[in-house]
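Next up, work14.txt (compact mmCIF, N, CA and C atoms):
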```
# COMPACT_ATOMS: atom_id res chain seq x y z
N GLN A 1 0.83 20.64 1.87
CA GLN A 1 0.47 19.45 2.65
C GLN A 1 0.48 18.25 1.72
N LEU A 2 1.04 17.16 2.19
CA LEU A 2 1.13 15.95 1.38
C LEU A 2 -0.27 15.40 1.11
N GLN A 3 -0.53 15.10 -0.14
CA GLN A 3 -1.76 14.41 -0.53
C GLN A 3 -1.38 13.22 -1.39
N LEU A 4 -2.00 12.09 -1.13
CA LEU A 4 -1.68 10.85 -1.83
C LEU A 4 -2.84 10.45 -2.74
N VAL A 5 -2.48 9.85 -3.87
CA VAL A 5 -3.49 9.41 -4.84
C VAL A 5 -3.17 7.98 -5.26
N GLU A 6 -4.16 7.09 -5.14
CA GLU A 6 -4.02 5.72 -5.58
C GLU A 6 -4.64 5.55 -6.96
N SER A 7 -4.10 4.62 -7.72
CA SER A 7 -4.68 4.27 -9.01
C SER A 7 -4.31 2.83 -9.33
N GLY A 8 -5.00 2.27 -10.33
CA GLY A 8 -4.66 0.94 -10.81
C GLY A 8 -5.62 -0.16 -10.40
N GLY A 9 -6.64 0.16 -9.62
CA GLY A 9 -7.59 -0.86 -9.23
C GLY A 9 -8.47 -1.28 -10.40
N GLY A 10 -9.27 -2.31 -10.16
CA GLY A 10 -10.17 -2.77 -11.21
C GLY A 10 -10.75 -4.13 -10.87
N LEU A 11 -11.40 -4.70 -11.87
CA LEU A 11 -12.00 -6.03 -11.75
C LEU A 11 -11.07 -7.03 -12.42
N VAL A 12 -10.77 -8.11 -11.73
CA VAL A 12 -9.87 -9.11 -12.27
C VAL A 12 -10.36 -10.49 -11.84
N GLN A 13 -10.11 -11.48 -12.67
CA GLN A 13 -10.50 -12.84 -12.33
C GLN A 13 -9.52 -13.45 -11.32
N PRO A 14 -9.95 -14.43 -10.55
CA PRO A 14 -9.01 -15.12 -9.65
C PRO A 14 -7.80 -15.63 -10.42
N GLY A 15 -6.63 -15.45 -9.83
CA GLY A 15 -5.39 -15.81 -10.49
C GLY A 15 -4.77 -14.70 -11.30
N GLY A 16 -5.49 -13.62 -11.48
CA GLY A 16 -5.00 -12.49 -12.27
C GLY A 16 -4.10 -11.56 -11.47
N SER A 17 -3.68 -10.48 -12.14
CA SER A 17 -2.74 -9.53 -11.54
C SER A 17 -3.22 -8.10 -11.72
N LEU A 18 -2.81 -7.26 -10.81
CA LEU A 18 -3.00 -5.81 -10.91
C LEU A 18 -1.77 -5.14 -10.30
N ARG A 19 -1.50 -3.93 -10.77
CA ARG A 19 -0.46 -3.12 -10.14
C ARG A 19 -1.07 -1.80 -9.70
N LEU A 20 -1.02 -1.55 -8.40
CA LEU A 20 -1.51 -0.30 -7.85
C LEU A 20 -0.36 0.70 -7.73
N SER A 21 -0.71 1.97 -7.93
CA SER A 21 0.27 3.04 -7.81
C SER A 21 -0.18 4.04 -6.75
N CYS A 22 0.78 4.58 -6.05
CA CYS A 22 0.54 5.63 -5.05
C CYS A 22 1.46 6.78 -5.39
N THR A 23 0.88 7.93 -5.70
CA THR A 23 1.68 9.10 -6.04
C THR A 23 1.27 10.26 -5.16
N ALA A 24 2.09 11.30 -5.18
CA ALA A 24 1.85 12.47 -4.34
C ALA A 24 1.51 13.67 -5.20
N HIS A 25 0.63 14.52 -4.69
CA HIS A 25 0.27 15.77 -5.36
C HIS A 25 1.33 16.83 -5.14
N ALA A 26 1.28 17.84 -5.98
CA ALA A 26 1.94 19.13 -5.75
C ALA A 26 3.45 19.03 -5.56
N GLY A 27 4.07 18.12 -6.30
CA GLY A 27 5.52 18.11 -6.29
C GLY A 27 6.18 17.42 -5.12
N PHE A 28 5.40 16.87 -4.19
CA PHE A 28 6.02 16.12 -3.10
C PHE A 28 6.65 14.84 -3.66
N ILE A 29 7.75 14.45 -3.07
CA ILE A 29 8.32 13.15 -3.41
C ILE A 29 8.24 12.25 -2.19
N LEU A 30 8.24 10.97 -2.46
CA LEU A 30 7.94 10.01 -1.41
C LEU A 30 9.14 9.22 -0.93
N ASP A 31 10.32 9.48 -1.46
CA ASP A 31 11.43 8.58 -1.20
C ASP A 31 11.92 8.61 0.25
N GLU A 32 11.62 9.68 0.99
CA GLU A 32 12.06 9.73 2.39
C GLU A 32 10.97 9.31 3.36
N LYS A 33 9.84 8.89 2.82
CA LYS A 33 8.71 8.55 3.67
C LYS A 33 8.46 7.04 3.67
N THR A 34 8.04 6.53 4.82
CA THR A 34 7.52 5.17 4.87
C THR A 34 6.09 5.19 4.35
N ILE A 35 5.84 4.35 3.36
CA ILE A 35 4.52 4.28 2.73
C ILE A 35 3.95 2.89 2.95
N GLY A 36 2.69 2.84 3.32
CA GLY A 36 2.01 1.56 3.51
C GLY A 36 0.83 1.42 2.58
N TRP A 37 0.51 0.18 2.28
CA TRP A 37 -0.72 -0.16 1.55
C TRP A 37 -1.65 -0.90 2.51
N PHE A 38 -2.92 -0.51 2.46
CA PHE A 38 -3.93 -1.08 3.34
C PHE A 38 -5.16 -1.40 2.50
N ARG A 39 -6.03 -2.23 3.05
CA ARG A 39 -7.27 -2.53 2.33
C ARG A 39 -8.41 -2.69 3.33
N GLN A 40 -9.59 -2.46 2.80
CA GLN A 40 -10.78 -2.60 3.62
C GLN A 40 -11.87 -3.24 2.80
N ALA A 41 -12.32 -4.40 3.25
CA ALA A 41 -13.44 -5.10 2.62
C ALA A 41 -14.74 -4.66 3.28
N PRO A 42 -15.86 -4.77 2.57
CA PRO A 42 -17.15 -4.36 3.16
C PRO A 42 -17.40 -5.06 4.49
N GLY A 43 -17.75 -4.28 5.50
CA GLY A 43 -18.08 -4.84 6.80
C GLY A 43 -16.90 -5.28 7.62
N LYS A 44 -15.70 -5.02 7.14
CA LYS A 44 -14.50 -5.45 7.86
C LYS A 44 -13.63 -4.26 8.21
N GLU A 45 -12.77 -4.47 9.18
CA GLU A 45 -11.84 -3.42 9.59
C GLU A 45 -10.73 -3.27 8.56
N ARG A 46 -10.22 -2.06 8.46
CA ARG A 46 -9.08 -1.83 7.58
C ARG A 46 -7.88 -2.64 8.08
N GLU A 47 -7.14 -3.23 7.14
CA GLU A 47 -5.99 -4.05 7.53
C GLU A 47 -4.77 -3.68 6.71
N GLY A 48 -3.61 -3.87 7.32
CA GLY A 48 -2.36 -3.59 6.63
C GLY A 48 -2.00 -4.69 5.66
N VAL A 49 -1.50 -4.31 4.51
CA VAL A 49 -1.10 -5.26 3.48
C VAL A 49 0.41 -5.30 3.33
N SER A 50 1.02 -4.12 3.21
CA SER A 50 2.46 -4.07 3.01
C SER A 50 2.95 -2.66 3.29
N CYS A 51 4.25 -2.52 3.53
CA CYS A 51 4.85 -1.20 3.68
C CYS A 51 6.29 -1.25 3.19
N ILE A 52 6.83 -0.05 2.93
CA ILE A 52 8.21 0.06 2.49
C ILE A 52 8.83 1.28 3.15
N SER A 53 10.01 1.10 3.72
CA SER A 53 10.69 2.21 4.38
C SER A 53 11.53 2.98 3.38
N SER A 54 12.12 4.08 3.84
CA SER A 54 12.94 4.90 2.96
C SER A 54 14.18 4.15 2.47
N MET A 55 14.64 3.18 3.25
CA MET A 55 15.80 2.38 2.82
C MET A 55 15.38 1.03 2.25
N LEU A 56 14.12 0.96 1.81
CA LEU A 56 13.59 -0.16 1.04
C LEU A 56 13.37 -1.43 1.85
N SER A 57 13.31 -1.32 3.17
CA SER A 57 12.87 -2.47 3.96
C SER A 57 11.38 -2.64 3.77
N THR A 58 10.93 -3.89 3.73
CA THR A 58 9.52 -4.15 3.46
C THR A 58 8.92 -5.09 4.49
N THR A 59 7.62 -4.99 4.62
CA THR A 59 6.84 -5.87 5.49
C THR A 59 5.58 -6.26 4.73
N TYR A 60 5.14 -7.50 4.91
CA TYR A 60 3.94 -7.98 4.23
C TYR A 60 3.02 -8.70 5.22
N LYS A 61 1.74 -8.56 4.98
CA LYS A 61 0.75 -9.39 5.66
C LYS A 61 1.00 -10.83 5.24
N ASN A 62 0.85 -11.77 6.17
CA ASN A 62 1.20 -13.16 5.87
C ASN A 62 0.47 -13.71 4.66
N SER A 63 -0.79 -13.36 4.50
CA SER A 63 -1.59 -13.96 3.43
C SER A 63 -1.21 -13.46 2.04
N VAL A 64 -0.41 -12.41 1.95
CA VAL A 64 -0.01 -11.90 0.63
C VAL A 64 1.45 -12.17 0.32
N LYS A 65 2.19 -12.71 1.27
CA LYS A 65 3.61 -12.99 1.04
C LYS A 65 3.77 -13.94 -0.14
N GLY A 66 4.70 -13.63 -1.02
CA GLY A 66 4.93 -14.45 -2.20
C GLY A 66 4.02 -14.12 -3.36
N ARG A 67 2.99 -13.31 -3.12
CA ARG A 67 2.07 -12.91 -4.20
C ARG A 67 2.15 -11.42 -4.49
N PHE A 68 2.34 -10.60 -3.46
CA PHE A 68 2.38 -9.15 -3.61
C PHE A 68 3.82 -8.67 -3.44
N THR A 69 4.16 -7.61 -4.19
CA THR A 69 5.47 -6.99 -4.07
C THR A 69 5.31 -5.49 -4.03
N ILE A 70 5.89 -4.86 -3.01
CA ILE A 70 5.87 -3.40 -2.90
C ILE A 70 7.21 -2.87 -3.38
N SER A 71 7.18 -1.73 -4.04
CA SER A 71 8.43 -1.16 -4.56
C SER A 71 8.27 0.35 -4.73
N ARG A 72 9.41 1.00 -4.93
CA ARG A 72 9.40 2.43 -5.23
C ARG A 72 10.00 2.64 -6.61
N ASP A 73 9.62 3.71 -7.28
CA ASP A 73 10.34 4.06 -8.49
C ASP A 73 11.59 4.84 -8.10
N LYS A 74 12.59 4.83 -8.97
CA LYS A 74 13.91 5.38 -8.62
C LYS A 74 13.86 6.88 -8.38
N ALA A 75 12.93 7.56 -9.00
CA ALA A 75 12.83 9.01 -8.84
C ALA A 75 12.15 9.40 -7.54
N GLY A 76 11.58 8.41 -6.84
CA GLY A 76 10.92 8.71 -5.58
C GLY A 76 9.54 9.30 -5.73
N ASN A 77 8.98 9.17 -6.93
CA ASN A 77 7.68 9.79 -7.18
C ASN A 77 6.49 8.87 -6.92
N ALA A 78 6.74 7.58 -6.78
CA ALA A 78 5.62 6.65 -6.64
C ALA A 78 6.03 5.43 -5.84
N VAL A 79 5.03 4.82 -5.25
CA VAL A 79 5.18 3.51 -4.60
C VAL A 79 4.16 2.59 -5.25
N TYR A 80 4.60 1.40 -5.58
CA TYR A 80 3.75 0.45 -6.30
C TYR A 80 3.45 -0.78 -5.44
N LEU A 81 2.32 -1.39 -5.74
CA LEU A 81 1.98 -2.68 -5.16
C LEU A 81 1.60 -3.61 -6.30
N GLN A 82 2.52 -4.49 -6.63
CA GLN A 82 2.25 -5.50 -7.66
C GLN A 82 1.55 -6.67 -7.00
N MET A 83 0.37 -6.99 -7.49
CA MET A 83 -0.44 -8.05 -6.89
C MET A 83 -0.65 -9.15 -7.91
N ASN A 84 -0.10 -10.31 -7.62
CA ASN A 84 -0.23 -11.48 -8.50
C ASN A 84 -1.04 -12.57 -7.83
N ARG A 85 -1.53 -13.48 -8.63
CA ARG A 85 -2.32 -14.62 -8.13
C ARG A 85 -3.40 -14.14 -7.17
N LEU A 86 -4.15 -13.14 -7.64
CA LEU A 86 -5.19 -12.55 -6.80
C LEU A 86 -6.29 -13.55 -6.51
N GLN A 87 -6.86 -13.42 -5.31
CA GLN A 87 -7.91 -14.32 -4.84
C GLN A 87 -9.12 -13.49 -4.44
N PRO A 88 -10.30 -14.07 -4.41
CA PRO A 88 -11.49 -13.30 -4.03
C PRO A 88 -11.35 -12.60 -2.68
N GLU A 89 -10.62 -13.20 -1.76
CA GLU A 89 -10.46 -12.57 -0.44
C GLU A 89 -9.56 -11.34 -0.47
N ASP A 90 -8.94 -11.06 -1.60
CA ASP A 90 -8.16 -9.84 -1.76
C ASP A 90 -9.04 -8.65 -2.14
N THR A 91 -10.30 -8.89 -2.37
CA THR A 91 -11.23 -7.82 -2.75
C THR A 91 -11.36 -6.78 -1.66
N GLY A 92 -11.38 -5.51 -2.06
CA GLY A 92 -11.56 -4.42 -1.12
C GLY A 92 -11.12 -3.11 -1.71
N VAL A 93 -11.27 -2.05 -0.93
CA VAL A 93 -10.72 -0.76 -1.31
C VAL A 93 -9.30 -0.69 -0.77
N TYR A 94 -8.37 -0.40 -1.66
CA TYR A 94 -6.96 -0.33 -1.30
C TYR A 94 -6.54 1.12 -1.14
N TYR A 95 -5.88 1.40 -0.04
CA TYR A 95 -5.41 2.73 0.28
C TYR A 95 -3.90 2.74 0.45
N CYS A 96 -3.27 3.83 0.06
CA CYS A 96 -1.88 4.03 0.48
C CYS A 96 -1.88 5.14 1.52
N ALA A 97 -0.87 5.11 2.35
CA ALA A 97 -0.79 6.07 3.45
C ALA A 97 0.67 6.31 3.82
N SER A 98 0.89 7.45 4.42
CA SER A 98 2.24 7.85 4.84
C SER A 98 2.34 7.79 6.36
N LEU A 99 3.49 7.28 6.83
CA LEU A 99 3.72 7.17 8.26
C LEU A 99 4.44 8.43 8.74
N PRO A 100 3.96 9.07 9.79
CA PRO A 100 4.65 10.27 10.29
C PRO A 100 6.04 9.92 10.81
N SER A 101 6.93 10.89 10.78
CA SER A 101 8.33 10.65 11.10
C SER A 101 8.52 10.14 12.53
N VAL A 102 7.62 10.48 13.43
CA VAL A 102 7.77 10.05 14.82
C VAL A 102 7.70 8.53 14.94
N TYR A 103 7.05 7.89 13.98
CA TYR A 103 6.95 6.43 14.01
C TYR A 103 7.87 5.75 12.98
N SER A 104 8.55 6.55 12.20
CA SER A 104 9.28 6.00 11.06
C SER A 104 10.68 5.57 11.43
N SER A 105 11.11 4.51 10.79
CA SER A 105 12.50 4.07 10.82
C SER A 105 12.95 3.88 9.39
N ARG A 106 14.18 4.23 9.09
CA ARG A 106 14.66 4.07 7.72
C ARG A 106 14.84 2.61 7.35
N TYR A 107 15.00 1.75 8.36
CA TYR A 107 15.38 0.37 8.08
C TYR A 107 14.32 -0.66 8.45
N SER A 108 13.13 -0.21 8.77
CA SER A 108 12.05 -1.15 9.03
C SER A 108 10.73 -0.41 8.90
N CYS A 109 9.64 -1.16 8.79
CA CYS A 109 8.33 -0.52 8.78
C CYS A 109 7.28 -1.48 9.31
N ASN A 110 6.16 -0.93 9.73
CA ASN A 110 5.07 -1.74 10.24
C ASN A 110 3.79 -1.40 9.50
N ILE A 111 2.81 -2.29 9.59
CA ILE A 111 1.55 -2.08 8.87
C ILE A 111 0.40 -1.92 9.86
N ASN A 112 0.67 -1.21 10.93
CA ASN A 112 -0.37 -0.84 11.89
C ASN A 112 -1.04 0.44 11.39
N HIS A 113 -2.26 0.31 10.87
CA HIS A 113 -2.86 1.45 10.19
C HIS A 113 -3.15 2.61 11.14
N HIS A 114 -3.21 2.35 12.44
CA HIS A 114 -3.52 3.43 13.39
C HIS A 114 -2.41 4.47 13.44
N GLN A 115 -1.20 4.10 13.03
CA GLN A 115 -0.07 5.04 13.11
C GLN A 115 0.07 5.91 11.87
N TYR A 116 -0.59 5.55 10.79
CA TYR A 116 -0.46 6.30 9.55
C TYR A 116 -1.43 7.48 9.56
N ASN A 117 -0.97 8.65 9.08
CA ASN A 117 -1.82 9.83 9.25
C ASN A 117 -2.18 10.56 7.97
N THR A 118 -1.63 10.16 6.85
CA THR A 118 -1.99 10.80 5.58
C THR A 118 -2.43 9.70 4.62
N TRP A 119 -3.68 9.80 4.16
CA TRP A 119 -4.30 8.74 3.39
C TRP A 119 -4.77 9.23 2.04
N GLY A 120 -4.70 8.33 1.05
CA GLY A 120 -5.34 8.62 -0.22
C GLY A 120 -6.82 8.29 -0.16
N GLN A 121 -7.48 8.46 -1.30
CA GLN A 121 -8.93 8.26 -1.34
C GLN A 121 -9.31 6.81 -1.59
N GLY A 122 -8.35 5.99 -2.00
CA GLY A 122 -8.59 4.57 -2.20
C GLY A 122 -8.90 4.21 -3.64
N THR A 123 -8.63 2.96 -3.98
CA THR A 123 -8.96 2.43 -5.29
C THR A 123 -9.54 1.03 -5.10
N GLN A 124 -10.62 0.75 -5.82
CA GLN A 124 -11.35 -0.51 -5.63
C GLN A 124 -10.67 -1.64 -6.39
N VAL A 125 -10.47 -2.75 -5.70
CA VAL A 125 -9.98 -3.99 -6.31
C VAL A 125 -11.04 -5.06 -6.08
N THR A 126 -11.51 -5.64 -7.18
CA THR A 126 -12.51 -6.69 -7.10
C THR A 126 -11.99 -7.93 -7.82
N VAL A 127 -11.93 -9.03 -7.09
CA VAL A 127 -11.46 -10.30 -7.67
C VAL A 127 -12.66 -11.23 -7.72
N SER A 128 -13.10 -11.50 -8.93
CA SER A 128 -14.34 -12.27 -9.09
C SER A 128 -14.41 -12.86 -10.49
N THR A 129 -15.16 -13.97 -10.60
CA THR A 129 -15.43 -14.53 -11.92
C THR A 129 -16.65 -13.86 -12.53
```
Starting from the file, give its structure as structure tokens.
Amino acid sequence: QLQLVESGGGLVQPGGSLRLSCTAHAGFILDEKTIGWFRQAPGKEREGVSCISSMLSTTYKNSVKGRFTISRDKAGNAVYLQMNRLQPEDTGVYYCASLPSVYSSRYSCNINHHQYNTWGQGTQVTVST
């Protein structure tokens, strides 16, 4: 069974950068799966941040466009979220998740978290002085 693991979170000052990684346990590779990044701030609903399809189509939440970049490594072992010019409102627990094939398209993706069914445990990102 696919299991996802996030890493790379931490404390960073406003304007700083972090790179989050999403990898799979037990030899699974991710290159044929649509992977999304989501975040949840205290007291708020989980929201979609970005996603990437198997053919490298991407979608971003409007507030992160131009600051965040989602990518895959060539071996298909990881999906990354490069986050630049971080702001306090980017604070939250960041999760990666896999979209089941029934909702997947190779050439597009969506960040509706209700459709994703395999989740990692999350990594904390805190943007603060």
message: Among region 17-122 of chain A, which residues does DSSP mark as helix (DSSP H, G or I) when it is run on the backbone? Keep the chain and numbering as in the structure and answer as a PyMOL selection string.
response: chain A and resi 62-64+88-90+101-103+113-115
Trp119 (chain A) proximity check over A:Val12, A:Ala97, A:Val102, A:Cys22, using all atoms listed in the file: winner is A:Ala97
task = Could you tell me which of A:Gln115, A:Gly48, A:Gln3, A:Gly15 comes closest to Phe28 (chain A) if we count all atoms listed in the file?
result =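 Checking each candidate against Phe28 (chain A), we get A:Gln3 as the closest.
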### Query
So how many Å separate atom N of Asn84 (chain A) and atom N of Glu32 (chain A), to one decimal?
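Atom-to-atom, atom N of Asn84 (chain A) and atom N of Glu32 (chain A) are spaced 24.7 Å apart.
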In Å, how far is it from atom C of His25 (chain A) to atom N of Thr126 (chain A)?
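Separation between atom C of His25 (chain A) and atom N of Thr126 (chain A): 26.0 Å.
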Tell me which protein, DNA and RNA residues are within 9 Å of region 73-78 of chain A, counting only C-alpha atoms, leaving out same-chain ones fewer than 4 positions away, and put them as a PDB file with N, CA and C atoms, keeping the file's coordinate frame.
```pdb
ATOM      1  N   SER A  21      -0.710   1.970  -7.930  1.00  0.00           N
ATOM      2  CA  SER A  21       0.270   3.040  -7.810  1.00  0.00           C
ATOM      3  C   SER A  21      -0.180   4.040  -6.750  1.00  0.00           C
ATOM      4  N   CYS A  22       0.780   4.580  -6.050  1.00  0.00           N
ATOM      5  CA  CYS A  22       0.540   5.630  -5.050  1.00  0.00           C
ATOM      6  C   CYS A  22       1.460   6.780  -5.390  1.00  0.00           C
ATOM      7  N   THR A  23       0.880   7.930  -5.700  1.00  0.00           N
ATOM      8  CA  THR A  23       1.680   9.100  -6.040  1.00  0.00           C
ATOM      9  C   THR A  23       1.270  10.260  -5.160  1.00  0.00           C
ATOM     10  N   ALA A  24       2.090  11.300  -5.180  1.00  0.00           N
ATOM     11  CA  ALA A  24       1.850  12.470  -4.340  1.00  0.00           C
ATOM     12  C   ALA A  24       1.510  13.670  -5.200  1.00  0.00           C
ATOM     13  N   GLY A  27       4.070  18.120  -6.300  1.00  0.00           N
ATOM     14  CA  GLY A  27       5.520  18.110  -6.290  1.00  0.00           C
ATOM     15  C   GLY A  27       6.180  17.420  -5.120  1.00  0.00           C
ATOM     16  N   PHE A  28       5.400  16.870  -4.190  1.00  0.00           N
ATOM     17  CA  PHE A  28       6.020  16.120  -3.100  1.00  0.00           C
ATOM     18  C   PHE A  28       6.650  14.840  -3.660  1.00  0.00           C
ATOM     19  N   ILE A  29       7.750  14.450  -3.070  1.00  0.00           N
ATOM     20  CA  ILE A  29       8.320  13.150  -3.410  1.00  0.00           C
ATOM     21  C   ILE A  29       8.240  12.250  -2.190  1.00  0.00           C
ATOM     22  N   LEU A  30       8.240  10.970  -2.460  1.00  0.00           N
ATOM     23  CA  LEU A  30       7.940  10.010  -1.410  1.00  0.00           C
ATOM     24  C   LEU A  30       9.140   9.220  -0.930  1.00  0.00           C
ATOM     25  N   ASP A  31      10.320   9.480  -1.460  1.00  0.00           N
ATOM     26  CA  ASP A  31      11.430   8.580  -1.200  1.00  0.00           C
ATOM     27  C   ASP A  31      11.920   8.610   0.250  1.00  0.00           C
ATOM     28  N   GLU A  32      11.620   9.680   0.990  1.00  0.00           N
ATOM     29  CA  GLU A  32      12.060   9.730   2.390  1.00  0.00           C
ATOM     30  C   GLU A  32      10.970   9.310   3.360  1.00  0.00           C
TER      31      GLU A  32
END
```
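Nearest to Gln40 (chain A) of all the residues A:Gly92, A:Val79, A:Thr118, A:Leu99 is A:Gly92, based on all atoms listed in the file.
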**Asked** With only C-alpha atoms as the basis for distance, which of A:Arg39, A:His113, A:Lys65, A:Arg106 is at the shortest distance from Glu89 (chain A)?
**Response**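 Using only C-alpha atoms, Glu89 (chain A) sits closest to A:Arg39.
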TODO: Tell me which protein, DNA and RNA residues are within 6.5 Å of region 93-95 of chain A, counting all atoms listed in the file, leaving out same-chain ones fewer than 4 positions away, and put them as number ranges by chain.
DONE: A: 36-42, 120-125
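Closest to Leu56 (chain A) among A:Arg19, A:Ala26, A:Tyr107, A:Lys44 is A:Tyr107, based on all atoms listed in the file.
With atom C of Tyr60 (chain A) on one side and atom N of Glu45 (chain A) on the other, the separation reads 16.8 Å.
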For Gln82 (chain A): contacts at 5 Å, all atoms listed in the file, fewer than 2 positions along chain excluded, given as number ranges by chain
A: 18-20, 68-70, 80, 84
